[in-house]
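This is protein03.tsv (TSV, C-alpha atoms).
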chain	number	residue	atom	x	y	z
R	1	MET	CA	6.06	-6.59	0.35
R	2	LEU	CA	6.89	-9.42	2.77
R	3	PHE	CA	6.60	-7.07	5.76
R	4	SER	CA	3.10	-5.94	4.73
R	5	LYS	CA	2.04	-9.60	4.36
R	6	LYS	CA	3.22	-10.27	7.91
R	7	ILE	CA	1.25	-7.28	9.21
R	8	PHE	CA	-1.85	-8.35	7.29
R	9	GLY	CA	-1.52	-11.93	8.57
R	10	GLY	CA	-1.08	-10.70	12.13
R	11	LEU	CA	-4.20	-8.54	11.89
R	12	ILE	CA	-6.22	-11.47	10.53
R	13	GLY	CA	-4.96	-13.65	13.39
R	14	LEU	CA	-5.84	-10.97	15.92
R	15	GLY	CA	-9.32	-10.62	14.43
R	16	PHE	CA	-9.81	-14.39	14.58
R	17	LEU	CA	-8.66	-14.46	18.22
R	18	LEU	CA	-11.02	-11.63	19.17
R	19	GLY	CA	-13.88	-13.30	17.30
R	20	VAL	CA	-13.35	-16.58	19.14
R	21	THR	CA	-13.12	-14.92	22.55
R	22	SER	CA	-16.21	-12.85	21.77
R	23	ASN	CA	-18.18	-16.00	20.88
R	24	VAL	CA	-17.09	-17.67	24.14
R	25	ALA	CA	-18.26	-14.65	26.12
R	26	THR	CA	-21.59	-14.65	24.25
R	27	ALA	CA	-22.08	-18.35	24.89
R	28	GLN	CA	-21.41	-17.85	28.61
R	29	MET	CA	-23.86	-14.94	28.76
R	30	SER	CA	-26.64	-16.84	27.00
R	31	HIS	CA	-26.09	-19.79	29.32
R	32	LYS	CA	-26.52	-17.56	32.36
R	33	MET	CA	-29.71	-16.07	30.91
R	34	SER	CA	-31.61	-19.34	30.50
R	35	PRO	CA	-35.40	-19.17	30.43
R	36	HIS	CA	-35.62	-21.16	33.68
R	37	ALA	CA	-33.81	-18.48	35.63
R	38	SER	CA	-36.01	-15.85	37.16
R	39	ALA	CA	-34.88	-12.50	35.90
R	40	GLU	CA	-36.13	-9.19	37.07
R	41	VAL	CA	-37.12	-6.91	34.20
R	42	THR	CA	-35.85	-3.37	34.55
R	43	THR	CA	-35.98	-0.33	32.36
R	44	GLN	CA	-32.45	0.79	33.26
R	45	PHE	CA	-29.24	-0.14	31.55
R	46	ARG	CA	-27.40	-3.07	33.02
R	47	ARG	CA	-23.62	-3.13	33.17
R	48	ILE	CA	-22.06	-6.08	31.33
R	49	GLU	CA	-18.63	-7.02	32.58
R	50	GLN	CA	-16.13	-8.13	29.96
R	51	PRO	CA	-13.15	-10.33	30.76
R	52	LEU	CA	-9.91	-8.44	31.29
R	53	GLY	CA	-8.20	-10.37	28.49
R	54	LEU	CA	-10.82	-9.21	26.00
R	55	LYS	CA	-10.42	-5.59	27.08
R	56	VAL	CA	-6.64	-5.80	26.75
R	57	GLY	CA	-6.92	-7.55	23.38
R	58	VAL	CA	-9.26	-4.94	21.92
R	59	THR	CA	-7.08	-2.11	23.24
R	60	LEU	CA	-3.88	-3.65	21.85
R	61	GLY	CA	-5.57	-4.36	18.51
R	62	GLY	CA	-6.68	-0.73	18.24
R	63	LEU	CA	-3.22	0.54	19.11
R	64	ILE	CA	-1.63	-1.77	16.54
R	65	LEU	CA	-4.05	-0.56	13.84
R	66	ILE	CA	-3.41	3.08	14.69
R	67	GLY	CA	0.34	2.50	14.67
R	68	SER	CA	0.27	0.69	11.34
R	69	GLU	CA	-1.80	3.47	9.76
R	70	LEU	CA	0.63	6.10	11.02
R	71	TRP	CA	3.57	4.09	9.69
R	72	TRP	CA	1.89	3.57	6.30
R	73	PHE	CA	0.97	7.21	5.69
R	74	LEU	CA	3.86	8.99	7.40
R	75	PHE	CA	6.95	6.80	7.51
R	76	SER	CA	6.74	4.27	4.67
R	77	LYS	CA	8.00	6.60	1.96
R	78	LYS	CA	10.48	4.73	-0.16
R	79	GLN	CA	13.74	6.32	-1.14
R	80	ALA	CA	14.04	7.76	-4.62
R	81	LYS	CA	16.57	6.13	-6.95
R	82	GLN	CA	18.98	8.06	-9.13
R	83	ALA	CA	19.01	6.98	-12.77
R	84	GLU	CA	22.42	5.82	-14.01
R	85	SER	CA	23.93	7.79	-16.86
R	86	HIS	CA	25.56	5.89	-19.79
R	87	GLN	CA	26.75	7.81	-22.85
R	88	GLY	CA	24.36	10.71	-22.28
R	89	VAL	CA	21.34	8.49	-21.58
R	90	GLN	CA	19.90	8.23	-18.07
R	91	GLU	CA	18.57	4.71	-17.58
R	92	ILE	CA	16.85	2.75	-14.81
R	93	THR	CA	14.75	-0.41	-14.60
R	94	ILE	CA	11.37	-0.17	-12.87
R	95	ASN	CA	9.78	-3.42	-11.66
R	96	VAL	CA	6.00	-3.51	-12.06
R	97	ASP	CA	4.64	-5.90	-9.44
R	98	GLY	CA	1.73	-4.62	-7.34
R	99	GLY	CA	2.96	-1.10	-8.07
R	100	TYR	CA	6.17	0.47	-9.28
R	101	GLU	CA	9.55	-0.21	-7.68
R	102	PRO	CA	11.19	2.25	-7.47
R	103	ASP	CA	8.24	4.59	-7.58
R	104	ARG	CA	10.41	7.75	-7.50
R	105	VAL	CA	13.24	8.27	-9.98
R	106	ILE	CA	15.66	11.21	-9.99
R	107	VAL	CA	17.06	12.39	-13.34
R	108	LYS	CA	18.89	15.45	-14.67
R	109	VAL	CA	17.30	18.05	-16.90
R	110	GLY	CA	18.15	18.13	-20.61
R	111	GLN	CA	19.34	14.51	-20.95
R	112	LEU	CA	17.46	11.64	-22.56
R	113	VAL	CA	15.71	9.42	-19.98
R	114	ARG	CA	15.16	5.71	-20.66
R	115	LEU	CA	12.84	3.92	-18.23
R	116	ASN	CA	12.77	0.13	-18.63
R	117	PHE	CA	9.52	-1.27	-17.21
R	118	LEU	CA	9.63	-4.99	-16.31
R	119	ARG	CA	6.06	-6.10	-15.68
R	120	ARG	CA	5.59	-9.14	-13.40
R	121	ASP	CA	2.01	-8.46	-12.25
R	122	PRO	CA	-0.69	-9.99	-14.48
R	123	SER	CA	-3.45	-7.61	-13.34
R	124	SER	CA	-5.11	-5.61	-16.09
R	125	CYS	CA	-4.59	-2.33	-14.23
R	126	LEU	CA	-0.83	-2.49	-14.75
R	127	GLU	CA	-1.01	-3.31	-18.48
R	128	LYS	CA	-0.36	0.30	-19.39
R	129	VAL	CA	1.80	3.14	-18.10
R	130	LEU	CA	0.84	6.77	-18.74
R	131	PHE	CA	3.04	9.88	-18.70
R	132	PRO	CA	0.48	12.68	-19.19
R	133	ASP	CA	3.06	15.50	-19.14
R	134	PHE	CA	4.99	13.93	-22.02
R	135	HIS	CA	1.91	12.58	-23.88
R	136	ILE	CA	3.18	9.00	-23.60
R	137	ALA	CA	1.05	5.88	-23.19
R	138	ALA	CA	2.88	2.55	-23.37
R	139	ASP	CA	1.50	-0.99	-23.19
R	140	LEU	CA	3.50	-3.19	-20.81
R	141	ALA	CA	3.83	-6.83	-21.90
R	142	LEU	CA	3.89	-9.43	-19.12
R	143	ASP	CA	7.40	-10.69	-18.20
R	144	GLU	CA	9.02	-8.45	-20.80
R	145	VAL	CA	10.91	-5.17	-20.65
R	146	THR	CA	9.16	-2.19	-22.24
R	147	THR	CA	11.25	0.92	-22.79
R	148	VAL	CA	9.86	4.45	-22.44
R	149	GLU	CA	12.08	7.35	-23.54
R	150	PHE	CA	11.63	11.09	-23.17
R	151	ASN	CA	13.73	14.21	-22.78
R	152	PRO	CA	12.72	16.45	-19.83
R	153	GLU	CA	13.44	20.08	-20.67
R	154	LYS	CA	12.34	21.67	-17.38
R	155	PRO	CA	12.98	20.72	-13.75
R	156	GLY	CA	9.98	19.47	-11.83
R	157	LYS	CA	8.06	16.42	-10.71
R	158	TYR	CA	6.38	14.41	-13.47
R	159	ILE	CA	3.83	11.78	-12.46
R	160	PHE	CA	3.32	8.45	-14.21
R	161	THR	CA	0.36	6.18	-13.50
R	162	CYS	CA	-1.15	2.85	-14.45
R	163	GLY	CA	-4.00	2.72	-16.94
R	164	MET	CA	-6.64	3.03	-14.21
R	165	ASN	CA	-4.78	5.73	-12.23
R	166	MET	CA	-4.56	3.48	-9.16
R	167	PHE	CA	-0.77	3.07	-9.00
R	168	ARG	CA	1.57	6.04	-9.30
R	169	GLY	CA	5.18	6.94	-9.58
R	170	ALA	CA	7.16	10.12	-10.18
R	171	VAL	CA	10.15	11.25	-12.18
R	172	GLU	CA	11.89	14.11	-10.38
R	173	VAL	CA	13.88	16.21	-12.83
R	174	GLN	CA	16.67	18.22	-11.21
R	175	ASN	CA	19.27	20.69	-12.48

Kindly return the structure encoded in the file as C-alpha cells.
Amino acid sequence: MLFSKKIFGGLIGLGFLLGVTSNVATAQMSHKMSPHASAEVTTQFRRIEQPLGLKVGVTLGGLILIGSELWWFLFSKKQAKQAESHQGVQEITINVDGGYEPDRVIVKVGQLVRLNFLRRDPSSCLEKVLFPDFHIAADLALDEVTTVEFNPEKPGKYIFTCGMNMFRGAVEVQN
C-alpha cells in the first residue's frame, strides 16, 4: 500500500514538473510571437523546437508509466496464504482495507473453513462479502471480526467479492 502511494506521488510530481516546464515554454513562445514582430504567413507546417530537458522528461515519464503498468498487471501478484488448521477447522484472518489481504487463501478439501474478516475500510463497497458458489452473503461490521464458515466438498477456485463486485479474492481448495 505504501509503495503504491509513493508511485502515485511520484507520478503527480512528474506531472506537475512537466506542466510547469510546458507553461514556461508556452510563455517563451508567446513572447517571441508578439504582434509588433513582423511574421511571414505561410501555409506550410513550421517546426517547433522543444527544449532537450522537456523531451527527456516526457520520454522518462512515458517509460515509467509503461513500467508501472507492466509491474501492476504482470508482477504484482501477491502470494497465497495457507489457512492454519486447528482441531479440524481451517482458519485465517482476512484484513479488509482497500481490498482483501490476503486475497488468495489455500485450504484443503473436506474440512470446515473459517474465514475471519476484519474490516478497517469504511467505504460502503466493502460492507458485504459474497461467496456465490456457497450461497453466502455476510455483512461486515466496521472494526469488528465477522466469521464466514463453509465446507468445500470439491477442489477448485472459489471467488469471493465485495457487495459491488469491485474487490475480489479467491479460496483455492486443494486435495

Practice item. Please determine the residues with any atom at most 12 Å from (25.8, 9.2, -15.7) (coordinates as given in the file, with only C-alpha atoms counting) and report them as a list in words. Key: Gln82, Ala83, Glu84, Ser85, His86, Gln87, Gly88, Val89, Gln90, Glu91, Ile92, Ile106, Val107, Lys108, Gln111, Leu112 and Val113 of chain R

Point to revise | Minimum-distance residue to R:Arg120, chosen among R:Glu101, R:Glu172, R:Asp139, R:Glu144 (using only C-alpha atoms) | key: R:Glu144

**Study point:** Selection near R:Arg168, 12 Å with only C-alpha atoms, sequence-local residues under 4 positions removed, as a VMD selection string
**Key:** chain R and resid 96 98 to 105 125 to 126 128 to 132 158 to 164

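Across the model, the gap from atom CA of R:Val145 to atom CA of R:Asn116 is 6.0 Å.
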
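Across the structure, atom CA of R:Pro122 and atom CA of R:Ile7 are spaced 23.9 Å apart.
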
**Study point:** Between atom CA of R:Leu70 and atom CA of R:Val173 - distance in Å to one decimal
**Key:** 29.1 Å

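Remark: for R:Lys154, the closest of the candidate residues R:Val109, R:Ala80, R:Ala138, R:Ile64 is R:Val109 (distances computed over only C-alpha atoms).
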
Check your understanding: Taking (6.4, -6.7, -11.7) in the file's coordinates, which residues come within 6 Å, counting all atoms listed in the file, written as a PyMOL selection string?
Key -> chain R and resi 95-97+118-121

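Proximity of R:Thr59, R:Asn175, R:Thr146, R:Ser124 to R:Ile94, computed with only C-alpha atoms, is greatest for R:Thr146.
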
Practice item. Find, counting only C-alpha atoms, the residue in R:Val148, R:Gly62, R:Gly169, R:Phe45 that gets nearest to R:Leu14. Key: R:Gly62

Review point. For R:Glu153, which residue out of R:Phe73, R:Gly110, R:Gln44, R:Asp133 is the nearest one, using all atoms listed in the file?
Key: R:Gly110

Listed atoms of stretch 56-60 of chain R boxed along x, y and z, 5 Å each side, centre and edge lengths in Å, one decimal, as lines of an AutoDock Vina configuration file:
center_x = -6.6
center_y = -4.8
center_z = 24.3
size_x = 15.4
size_y = 15.4
size_z = 14.9
